[in-house]
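The file model-v8.cif contains mmCIF, C-alpha atoms and all ligand atoms:
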data_query
#
loop_
_atom_site.label_atom_id
_atom_site.label_comp_id
_atom_site.auth_asym_id
_atom_site.auth_seq_id
_atom_site.Cartn_x
_atom_site.Cartn_y
_atom_site.Cartn_z
CA MET A 1 112.87 -62.45 86.34
CA ALA A 2 112.17 -58.71 86.66
CA ALA A 3 110.54 -57.16 83.60
CA LYS A 4 113.20 -55.59 81.41
CA VAL A 5 110.85 -54.52 78.67
CA ILE A 6 108.79 -51.34 78.99
CA SER A 7 105.77 -52.19 76.84
CA GLY A 8 102.88 -53.18 79.09
CA VAL A 9 104.54 -51.80 82.25
CA GLN A 10 103.05 -48.71 83.95
CA PHE A 11 105.33 -45.75 84.73
CA SER A 12 104.22 -42.54 86.48
CA SER A 13 107.58 -40.83 85.90
CA LEU A 14 110.60 -41.49 83.75
CA PRO A 15 113.07 -43.82 85.52
CA SER A 16 116.45 -42.12 85.97
CA SER A 17 118.29 -44.54 83.65
CA TYR A 18 116.38 -42.99 80.70
CA ILE A 19 117.13 -39.35 81.48
CA ARG A 20 119.64 -37.71 79.12
CA PRO A 21 121.96 -34.98 80.32
CA GLU A 22 120.51 -31.58 79.44
CA SER A 23 122.83 -30.98 76.47
CA GLU A 24 121.82 -34.26 74.80
CA ARG A 25 118.03 -33.91 74.99
CA PRO A 26 115.90 -33.78 71.83
CA LYS A 27 114.82 -30.09 72.22
CA LEU A 28 111.51 -30.90 70.57
CA SER A 29 110.42 -27.27 70.24
CA GLU A 30 113.36 -26.58 67.90
CA VAL A 31 112.47 -29.34 65.42
CA ALA A 32 110.83 -28.12 62.20
CA ASP A 33 108.39 -30.11 60.08
CA CYS A 34 109.94 -31.23 56.84
CA ASN A 35 107.39 -30.40 54.16
CA ASN A 36 109.52 -31.13 51.13
CA VAL A 37 110.75 -34.68 51.75
CA PRO A 38 111.26 -36.14 48.30
CA VAL A 39 108.39 -38.48 47.42
CA VAL A 40 109.22 -40.71 44.49
CA ASP A 41 106.36 -42.33 42.57
CA LEU A 42 107.72 -45.72 41.58
CA GLY A 43 104.65 -46.28 39.39
CA CYS A 44 105.80 -43.51 37.06
CA GLN A 45 106.43 -44.78 33.52
CA ASP A 46 109.35 -42.41 32.98
CA ARG A 47 112.26 -44.52 34.27
CA SER A 48 114.89 -41.85 33.76
CA LEU A 49 112.84 -39.41 35.87
CA VAL A 50 112.52 -41.94 38.69
CA VAL A 51 116.26 -42.65 38.59
CA LYS A 52 117.07 -38.94 38.62
CA GLN A 53 114.71 -38.22 41.53
CA ILE A 54 116.23 -41.07 43.53
CA GLY A 55 119.79 -39.95 42.76
CA ASP A 56 119.04 -36.35 43.73
CA ALA A 57 117.38 -37.45 46.97
CA CYS A 58 120.29 -39.77 47.90
CA LYS A 59 122.76 -36.96 47.35
CA GLU A 60 120.88 -34.16 48.98
CA TYR A 61 118.96 -35.90 51.75
CA GLY A 62 120.14 -39.50 52.07
CA PHE A 63 116.52 -40.52 52.36
CA PHE A 64 113.26 -40.27 50.47
CA GLN A 65 109.77 -41.70 50.47
CA VAL A 66 108.28 -44.01 47.87
CA ILE A 67 104.69 -44.50 46.80
CA ASN A 68 103.22 -47.00 44.32
CA HIS A 69 106.04 -49.22 45.54
CA GLY A 70 104.48 -52.61 44.80
CA VAL A 71 104.13 -53.80 48.41
CA SER A 72 100.48 -54.65 48.84
CA LYS A 73 98.25 -52.67 51.20
CA GLU A 74 97.15 -55.95 52.73
CA ALA A 75 100.73 -56.92 53.63
CA VAL A 76 101.28 -53.49 55.20
CA ASP A 77 98.02 -53.41 57.16
CA LYS A 78 98.52 -56.93 58.44
CA ILE A 79 102.06 -56.44 59.68
CA LEU A 80 101.03 -53.33 61.61
CA GLU A 81 98.15 -55.27 63.12
CA VAL A 82 100.28 -58.25 64.11
CA ALA A 83 102.98 -55.96 65.55
CA HIS A 84 100.39 -54.27 67.78
CA GLU A 85 99.09 -57.67 68.85
CA PHE A 86 102.62 -58.81 69.67
CA PHE A 87 103.48 -55.84 71.86
CA ASP A 88 100.07 -56.07 73.58
CA LEU A 89 100.91 -59.59 74.81
CA PRO A 90 101.42 -60.00 78.56
CA VAL A 91 104.93 -59.07 79.71
CA GLU A 92 105.60 -62.67 80.88
CA GLU A 93 104.81 -63.97 77.38
CA LYS A 94 107.13 -61.43 75.71
CA MET A 95 109.92 -62.06 78.21
CA LYS A 96 110.19 -65.65 76.94
CA LEU A 97 111.84 -64.13 73.84
CA TYR A 98 114.00 -61.57 75.65
CA SER A 99 117.72 -61.32 75.01
CA ASP A 100 120.30 -58.55 75.17
CA ASP A 101 122.75 -60.47 72.97
CA PRO A 102 122.99 -58.67 69.57
CA SER A 103 124.35 -61.81 67.89
CA LYS A 104 120.99 -63.62 68.37
CA THR A 105 119.04 -63.99 65.13
CA MET A 106 115.68 -63.61 66.89
CA ARG A 107 115.18 -61.63 70.05
CA LEU A 108 112.92 -59.27 71.86
CA SER A 109 114.97 -56.55 73.43
CA THR A 110 114.75 -53.05 74.73
CA SER A 111 116.55 -49.73 74.26
CA PHE A 112 119.47 -50.34 71.82
CA ASN A 113 122.44 -52.24 73.25
CA VAL A 114 121.74 -52.48 76.97
CA LYS A 115 125.08 -54.11 77.80
CA LYS A 116 127.06 -51.21 76.30
CA GLU A 117 124.98 -48.07 76.79
CA THR A 118 124.97 -45.74 79.79
CA VAL A 119 121.53 -44.19 79.20
CA ASN A 120 118.57 -46.29 78.05
CA ASN A 121 116.11 -45.51 75.26
CA TRP A 122 112.33 -45.64 75.48
CA ARG A 123 111.85 -48.49 73.05
CA ASP A 124 111.16 -52.23 72.95
CA TYR A 125 111.94 -54.07 69.75
CA LEU A 126 111.62 -57.45 68.19
CA ARG A 127 114.48 -58.16 65.84
CA LEU A 128 114.38 -61.03 63.36
CA HIS A 129 116.61 -62.35 60.63
CA CYS A 130 114.39 -63.01 57.64
CA TYR A 131 116.44 -64.39 54.78
CA PRO A 132 116.41 -67.18 53.85
CA LEU A 133 112.93 -67.54 55.27
CA GLU A 134 113.11 -71.35 55.58
CA LYS A 135 116.17 -70.99 57.80
CA TYR A 136 114.89 -68.33 60.17
CA MET A 137 111.09 -68.61 60.24
CA PRO A 138 111.03 -71.64 62.57
CA GLU A 139 112.58 -69.54 65.37
CA TRP A 140 110.12 -66.62 65.01
CA PRO A 141 107.36 -66.09 67.60
CA SER A 142 104.39 -68.41 67.24
CA VAL A 143 102.14 -66.05 69.20
CA PRO A 144 100.13 -64.28 67.79
CA PRO A 145 99.29 -67.34 65.67
CA SER A 146 99.29 -65.44 62.36
CA PHE A 147 102.74 -63.92 63.04
CA LYS A 148 104.86 -66.15 60.79
CA GLU A 149 102.51 -66.04 57.83
CA VAL A 150 101.99 -62.27 57.97
CA VAL A 151 105.64 -61.38 58.52
CA SER A 152 107.00 -63.78 55.90
CA ARG A 153 104.69 -62.36 53.25
CA TYR A 154 105.66 -58.81 54.17
CA CYS A 155 109.38 -59.67 54.07
CA THR A 156 109.09 -61.27 50.64
CA GLU A 157 107.34 -58.23 49.15
CA VAL A 158 109.68 -55.72 50.79
CA ARG A 159 112.74 -57.61 49.55
CA GLN A 160 111.62 -57.14 45.94
CA LEU A 161 111.09 -53.43 46.57
CA GLY A 162 114.58 -53.19 48.06
CA PHE A 163 116.14 -54.81 45.01
CA SER A 164 114.34 -52.53 42.57
CA LEU A 165 115.50 -49.51 44.60
CA GLN A 166 119.07 -50.78 44.56
CA GLU A 167 118.86 -51.09 40.77
CA ALA A 168 117.65 -47.51 40.44
CA ILE A 169 120.33 -46.29 42.88
CA SER A 170 122.97 -48.13 40.85
CA GLU A 171 121.76 -46.51 37.63
CA SER A 172 121.61 -43.09 39.28
CA LEU A 173 125.35 -43.41 39.95
CA GLY A 174 125.91 -44.12 36.25
CA LEU A 175 126.51 -47.83 36.94
CA ASP A 176 124.96 -50.88 35.41
CA LYS A 177 121.66 -51.61 37.18
CA ASP A 178 122.94 -54.85 38.73
CA CYS A 179 126.32 -53.45 39.77
CA LEU A 180 125.51 -52.68 43.42
CA LYS A 181 123.47 -55.85 43.89
CA ASN A 182 126.38 -57.89 42.55
CA ILE A 183 128.78 -56.35 45.04
CA LEU A 184 126.36 -56.85 47.93
CA GLY A 185 126.09 -60.57 47.13
CA GLU A 186 123.35 -62.81 48.53
CA GLN A 187 121.85 -60.15 50.78
CA GLY A 188 120.67 -60.83 54.30
CA GLN A 189 117.47 -59.25 55.52
CA HIS A 190 116.61 -58.22 59.06
CA LEU A 191 113.42 -56.79 60.45
CA ALA A 192 112.95 -54.66 63.55
CA MET A 193 109.51 -54.05 64.97
CA ASN A 194 109.97 -50.99 67.14
CA TYR A 195 107.47 -50.17 69.85
CA TYR A 196 107.75 -46.87 71.69
CA PRO A 197 105.26 -46.75 74.58
CA ALA A 198 103.73 -43.41 75.57
CA CYS A 199 106.40 -41.78 77.70
CA PRO A 200 105.81 -39.79 80.90
CA GLU A 201 108.60 -37.28 80.07
CA PRO A 202 109.32 -37.30 76.33
CA GLU A 203 111.52 -34.18 76.45
CA LEU A 204 114.12 -36.01 78.52
CA THR A 205 114.76 -39.07 76.42
CA TYR A 206 114.73 -40.78 73.00
CA GLY A 207 113.04 -43.74 71.44
CA LEU A 208 116.28 -44.14 69.51
CA PRO A 209 119.05 -41.54 69.61
CA ALA A 210 120.75 -40.26 66.46
CA HIS A 211 122.31 -43.03 64.40
CA THR A 212 123.00 -44.10 60.86
CA ASP A 213 122.09 -47.57 59.67
CA PRO A 214 124.99 -50.00 59.29
CA ASN A 215 123.40 -51.97 56.45
CA ALA A 216 122.88 -51.21 52.75
CA LEU A 217 119.28 -49.99 52.52
CA THR A 218 116.49 -49.49 55.04
CA ILE A 219 112.79 -49.58 54.22
CA LEU A 220 110.81 -48.06 57.07
CA LEU A 221 107.11 -48.37 57.63
CA GLN A 222 105.98 -45.63 59.99
CA ASP A 223 102.91 -45.63 62.16
CA LEU A 224 100.46 -43.45 60.24
CA GLN A 225 98.79 -42.07 63.35
CA VAL A 226 101.82 -41.11 65.45
CA ALA A 227 104.85 -39.22 64.16
CA GLY A 228 108.31 -39.53 65.72
CA LEU A 229 110.99 -39.89 63.02
CA HIS A 230 113.53 -37.05 62.75
CA VAL A 231 116.22 -36.71 60.10
CA LEU A 232 119.28 -34.45 60.25
CA LYS A 233 119.56 -32.10 57.28
CA ASP A 234 122.10 -29.27 57.08
CA GLY A 235 122.69 -29.48 60.82
CA LYS A 236 118.98 -29.23 61.74
CA TRP A 237 116.59 -31.94 62.89
CA LEU A 238 113.48 -32.24 60.73
CA ALA A 239 110.32 -34.16 61.64
CA ILE A 240 109.15 -36.53 58.90
CA LYS A 241 105.38 -36.69 58.94
CA PRO A 242 104.08 -40.12 57.98
CA HIS A 243 102.86 -40.08 54.36
CA PRO A 244 99.90 -42.38 53.62
CA ASP A 245 100.88 -45.49 51.65
CA ALA A 246 104.57 -44.55 51.64
CA PHE A 247 107.76 -46.13 52.91
CA VAL A 248 110.69 -44.04 54.09
CA ILE A 249 113.89 -45.23 52.41
CA ASN A 250 117.30 -44.63 54.03
CA ILE A 251 120.64 -45.08 52.39
CA GLY A 252 122.70 -47.18 54.82
CA ASP A 253 126.43 -46.96 55.55
CA GLN A 254 127.26 -49.61 52.94
CA LEU A 255 125.69 -47.65 50.09
CA GLN A 256 127.46 -44.51 51.27
CA ALA A 257 130.74 -46.46 51.06
CA LEU A 258 129.91 -48.01 47.67
CA SER A 259 128.96 -44.62 46.24
CA ASN A 260 132.40 -43.42 47.42
CA GLY A 261 130.69 -40.89 49.69
CA LYS A 262 128.47 -39.37 46.98
CA TYR A 263 125.34 -40.56 48.74
CA ASN A 264 124.60 -40.03 52.41
CA SER A 265 123.78 -42.51 55.10
CA VAL A 266 121.69 -40.04 56.98
CA TRP A 267 121.59 -39.44 60.74
CA HIS A 268 118.12 -40.11 62.06
CA ARG A 269 116.46 -40.61 65.42
CA ALA A 270 113.09 -41.50 66.91
CA VAL A 271 111.44 -39.41 69.59
CA VAL A 272 108.56 -40.36 71.84
CA ASN A 273 105.44 -38.62 73.08
CA ALA A 274 103.31 -38.52 76.20
CA ASP A 275 99.98 -39.44 74.63
CA LYS A 276 100.25 -42.47 72.42
CA PRO A 277 102.49 -45.44 71.78
CA ARG A 278 104.19 -45.41 68.37
CA LEU A 279 105.13 -48.33 66.16
CA SER A 280 107.53 -48.63 63.26
CA VAL A 281 108.70 -51.59 61.20
CA ALA A 282 112.19 -51.30 59.76
CA SER A 283 113.44 -53.74 57.10
CA PHE A 284 117.16 -53.82 56.52
CA LEU A 285 118.88 -55.25 53.44
CA CYS A 286 122.41 -56.25 54.43
CA PRO A 287 125.36 -57.27 52.28
CA CYS A 288 126.36 -60.93 52.67
CA ASP A 289 129.02 -61.27 55.39
CA THR A 290 131.85 -61.86 52.95
CA ALA A 291 130.86 -59.04 50.54
CA LYS A 292 133.90 -56.85 49.96
CA ILE A 293 132.73 -53.27 50.26
CA ILE A 294 134.73 -51.19 47.83
CA ALA A 295 133.40 -48.50 45.49
CA PRO A 296 133.31 -49.59 41.83
CA GLU A 297 136.22 -48.30 39.74
CA ALA A 298 133.94 -46.02 37.73
CA LEU A 299 133.44 -43.95 40.89
CA THR A 300 137.06 -43.82 41.97
CA SER A 301 139.04 -43.30 38.76
CA GLY A 302 140.56 -40.00 37.64
CA GLU A 303 140.51 -37.27 40.28
CA GLU A 304 138.40 -39.27 42.70
CA ARG A 305 140.31 -41.37 45.18
CA ASN A 306 138.83 -44.06 47.39
CA VAL A 307 137.29 -42.31 50.37
CA TYR A 308 137.10 -45.53 52.40
CA LYS A 309 139.34 -48.51 53.04
CA ASP A 310 137.86 -51.75 51.75
CA PHE A 311 136.31 -54.02 54.34
CA THR A 312 133.97 -56.97 54.57
CA TYR A 313 130.47 -56.47 55.86
CA ALA A 314 131.17 -58.93 58.71
CA GLU A 315 134.02 -56.66 59.89
CA TYR A 316 131.80 -53.60 59.72
CA TYR A 317 128.84 -55.16 61.50
CA GLN A 318 131.02 -56.41 64.33
CA LYS A 319 132.44 -52.91 64.81
CA PHE A 320 128.95 -51.35 64.76
CA TRP A 321 127.49 -53.57 67.47
CA SER A 322 130.63 -53.44 69.61
CA GLY A 323 129.80 -49.84 70.44
CA ASN A 324 126.91 -47.69 71.43
CA LEU A 325 124.77 -45.58 69.10
CA ASP A 326 125.92 -42.28 70.65
CA ARG A 327 129.16 -41.88 68.83
CA GLU A 328 130.66 -40.85 65.53
CA HIS A 329 129.50 -42.29 62.21
CA CYS A 330 130.86 -45.85 62.16
CA LEU A 331 132.11 -45.29 58.57
CA GLU A 332 134.55 -42.69 59.93
CA LEU A 333 136.48 -45.62 61.38
CA PHE A 334 137.02 -46.95 57.85
CA LYS A 335 138.16 -43.73 56.15
CA ASN A 336 141.36 -43.63 54.14
O1 LIG B 1 111.10 -45.69 64.48
C1 LIG B 1 111.63 -44.98 63.62
O2 LIG B 1 111.01 -44.12 63.01
C2 LIG B 1 113.09 -45.16 63.30
C3 LIG B 1 113.57 -46.57 63.47
C4 LIG B 1 115.02 -46.74 63.19
O3 LIG B 1 115.73 -45.80 62.92
C5 LIG B 1 115.64 -48.07 63.26
O4 LIG B 1 114.96 -49.06 63.56
O5 LIG B 1 116.88 -48.14 63.01
#

What would you get if you wrote out this structure as structure tokens?
Amino acid sequence: MAAKVISGVQFSSLPSSYIRPESERPKLSEVADCNNVPVVDLGCQDRSLVVKQIGDACKEYGFFQVINHGVSKEAVDKILEVAHEFFDLPVEEKMKLYSDDPSKTMRLSTSFNVKKETVNNWRDYLRLHCYPLEKYMPEWPSVPPSFKEVVSRYCTEVRQLGFSLQEAISESLGLDKDCLKNILGEQGQHLAMNYYPACPEPELTYGLPAHTDPNALTILLQDLQVAGLHVLKDGKWLAIKPHPDAFVINIGDQLQALSNGKYNSVWHRAVVNADKPRLSVASFLCPCDTAKIIAPEALTSGEERNVYKDFTYAEYYQKFWSGNLDREHCLELFKN
């Protein structure tokens, strides 16, 4: 089988299937550094301050960073190490896990949705379902040998962080702290290890083009050494420099819907560079399939009408993966 992945394959120029038309290129020289990304210190004793900072960031930016988040440094260091080891494996070894079927609960893939897209993206990724661990861990890679142990520990710690953020987000909307979690039900958890090899012509392509996340909340661990995440703010792309010991938190489409549009599921993208490979580890908390996504009454009474139709997460997820990333916000399809 011909190699479909790009990690571990040598390229002297960018293959034509990765080249974006001129109007769609990242225009890297026009991207400004974002120096005032909200950084929320979750170790702060003043709960109402934390809740306010999170609420302001969700409204204004749709993303923020967190420090003193409770995920251990060891868990973070180890997952980055094991991710590098995984993508350094020989191509033949990685190809044993390859699939382009988005319904698979464990797969190594490339680009985004190769069966649907017309232009490819300069990324390989390993995508895993991670909750419940006992159900999904047996199908995870067993090479490198420490993979399952390292990733399961990381997933457990990140899940707790996700729940405490959802509580604070709920409170910041004036809701009971468990309100959003109760609507989201027994939440699924997915993990994407993204690997963006050094790219011969980074101006012509993306690691991941602009998209919003279809889930509830995303917790992103960025490679500290190599930047590449951009976020759209007021119509301009801003580069988010990795902050030591921080996670980048994105509001996903489901929290935008549950907040009745008060909070933003932000457009973001990953760009690549000519010098170094870049790695990121994204953890996604997802509503259970049957969760009915409808904003709580407290956010829709009086003057405020429901911005979105109600839907189940299974309906939404199916719609998201049936398309390509390069299109309108998937939530637009569910507007009233
Ligand atoms: O690699 C990044 O910085 C962004 C990753 C991302 O947006 C995703 O996995 O959905």

With the cut-off set at 12 Å and counting all atoms listed in the file, tabulate each residue of stretch 5-108 of chain A with an atom at most that distance from an atom of stretch 218-222 of chain A, showing the nearest atom pair and its distance in Å to one decimal, ordered by chain and increasing number, as a Markdown table.
| residue | atom | partner | partner_atom | distance |
| --- | --- | --- | --- | --- |
| A:Gly62 | CA | A:Thr218 | CA | 11.0 |
| A:Phe63 | CA | A:Thr218 | CA | 9.4 |
| A:Phe64 | CA | A:Ile219 | CA | 10.0 |
| A:Gln65 | CA | A:Leu220 | CA | 9.2 |
| A:Val66 | CA | A:Ile219 | CA | 9.6 |
| A:Ile67 | CA | A:Leu221 | CA | 11.8 |
| A:His69 | CA | A:Ile219 | CA | 11.0 |
| A:Val71 | CA | A:Leu221 | CA | 11.1 |
| A:Lys73 | CA | A:Leu221 | CA | 11.8 |
| A:Ala75 | CA | A:Leu221 | CA | 11.4 |
| A:Val76 | CA | A:Leu221 | CA | 8.1 |
| A:Asp77 | CA | A:Leu221 | CA | 10.4 |
| A:Ile79 | CA | A:Leu221 | CA | 9.7 |
| A:Leu80 | CA | A:Leu221 | CA | 8.8 |
| A:Ala83 | CA | A:Leu221 | CA | 11.7 |

Give me, as a CSV table (one decimal) with C-alpha atoms, keeping the file's coordinate frame, all polymer residues having an atom no more than 7 Å from stretch 275-284 of chain A, counting only C-alpha atoms and skipping those fewer than 4 positions away in the same chain.
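Here's the written file around_12.csv:
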chain,number,residue,atom,x,y,z
A,189,GLN,CA,117.5,-59.2,55.5
A,190,HIS,CA,116.6,-58.2,59.1
A,191,LEU,CA,113.4,-56.8,60.4
A,192,ALA,CA,113.0,-54.7,63.6
A,193,MET,CA,109.5,-54.0,65.0
A,194,ASN,CA,110.0,-51.0,67.1
A,195,TYR,CA,107.5,-50.2,69.8
A,196,TYR,CA,107.8,-46.9,71.7
A,197,PRO,CA,105.3,-46.8,74.6
A,198,ALA,CA,103.7,-43.4,75.6
A,215,ASN,CA,123.4,-52.0,56.4
A,217,LEU,CA,119.3,-50.0,52.5
A,218,THR,CA,116.5,-49.5,55.0
A,219,ILE,CA,112.8,-49.6,54.2
A,220,LEU,CA,110.8,-48.1,57.1
A,221,LEU,CA,107.1,-48.4,57.6
A,222,GLN,CA,106.0,-45.6,60.0
A,223,ASP,CA,102.9,-45.6,62.2
A,226,VAL,CA,101.8,-41.1,65.4

task = Skip A:Pro287 itself and residues of its chain fewer than 6 positions away, then list as a PyMOL selection string all residues within 10 Å of it, counting only C-alpha atoms.
result = chain A and resi 180-189+215-217+254-255+293+312-314

Requested write-out: C-alpha atoms of the selected residues, as a short mmCIF file (atom, residue, chain, number, x, y, z; two decimals), in the coordinates of the input:
data_model
loop_
_atom_site.label_atom_id
_atom_site.label_comp_id
_atom_site.auth_asym_id
_atom_site.auth_seq_id
_atom_site.Cartn_x
_atom_site.Cartn_y
_atom_site.Cartn_z
CA LEU A 180 125.51 -52.68 43.42
CA LYS A 181 123.47 -55.85 43.89
CA ASN A 182 126.38 -57.89 42.55
CA ILE A 183 128.78 -56.35 45.04
CA LEU A 184 126.36 -56.85 47.93
CA GLY A 185 126.09 -60.57 47.13
CA GLU A 186 123.35 -62.81 48.53
CA GLN A 187 121.85 -60.15 50.78
CA GLY A 188 120.67 -60.83 54.30
CA GLN A 189 117.47 -59.25 55.52
CA ASN A 215 123.40 -51.97 56.45
CA ALA A 216 122.88 -51.21 52.75
CA LEU A 217 119.28 -49.99 52.52
CA GLN A 254 127.26 -49.61 52.94
CA LEU A 255 125.69 -47.65 50.09
CA ILE A 293 132.73 -53.27 50.26
CA THR A 312 133.97 -56.97 54.57
CA TYR A 313 130.47 -56.47 55.86
CA ALA A 314 131.17 -58.93 58.71
#

message = (106.4, -43.9, 48.5) in this file's frame - what residues fall within 9 Å of it? Use all atoms listed in the file and give the answer as a ChimeraX atom specification.
response = /A:39-42,64-69,243-249

Put the listed atoms of ligand LIG 1 (chain B) in a box along x, y and z with 4 Å added on every side and give me the centre and edge lengths in Å to one decimal, as lines of an AutoDock Vina configuration file.
center_x = 113.9
center_y = -46.6
center_z = 63.7
size_x = 13.9
size_y = 12.9
size_z = 9.6

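Candidate residues A:Val50, A:Leu175, A:Met95, A:Ala210 were compared for distance to ligand LIG 1 (chain B), and the nearest is A:Ala210, using all atoms listed in the file.
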
request  = Mind listing whatever residues come within 12 Å of the point (105.2, -64.3, 80.4)? Use all atoms listed in the file, file coordinates, and give them as a PyMOL selection string.
outcome  = chain A and resi 1-5+8+88-98+143

query = Nearest to A:Gln10: which of A:Ala227, A:Cys199, A:Ala239, A:Ala168 is it, counting all atoms listed in the file?
reply =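 With all atoms listed in the file as the atom set, the closest residue is A:Cys199.
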
query = Between A:Leu14, A:Leu173, A:Cys155, A:Cys44, which has the minimum distance to A:Thr300 (counting only C-alpha atoms)?
reply = A:Leu173

task = Please indicate the distance in Å from atom CA of A:Ser99 to atom CA of A:Asp289, rounded to one decimal place.
result =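 Atom CA of A:Asp289 lies at a distance of 22.6 Å from atom CA of A:Ser99.
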
inquiry  = Just to confirm, what's the straight-line distance from atom CA of A:Glu81 to atom CA of A:Tyr154 in Å (one decimal)?
reply    = 12.2 Å
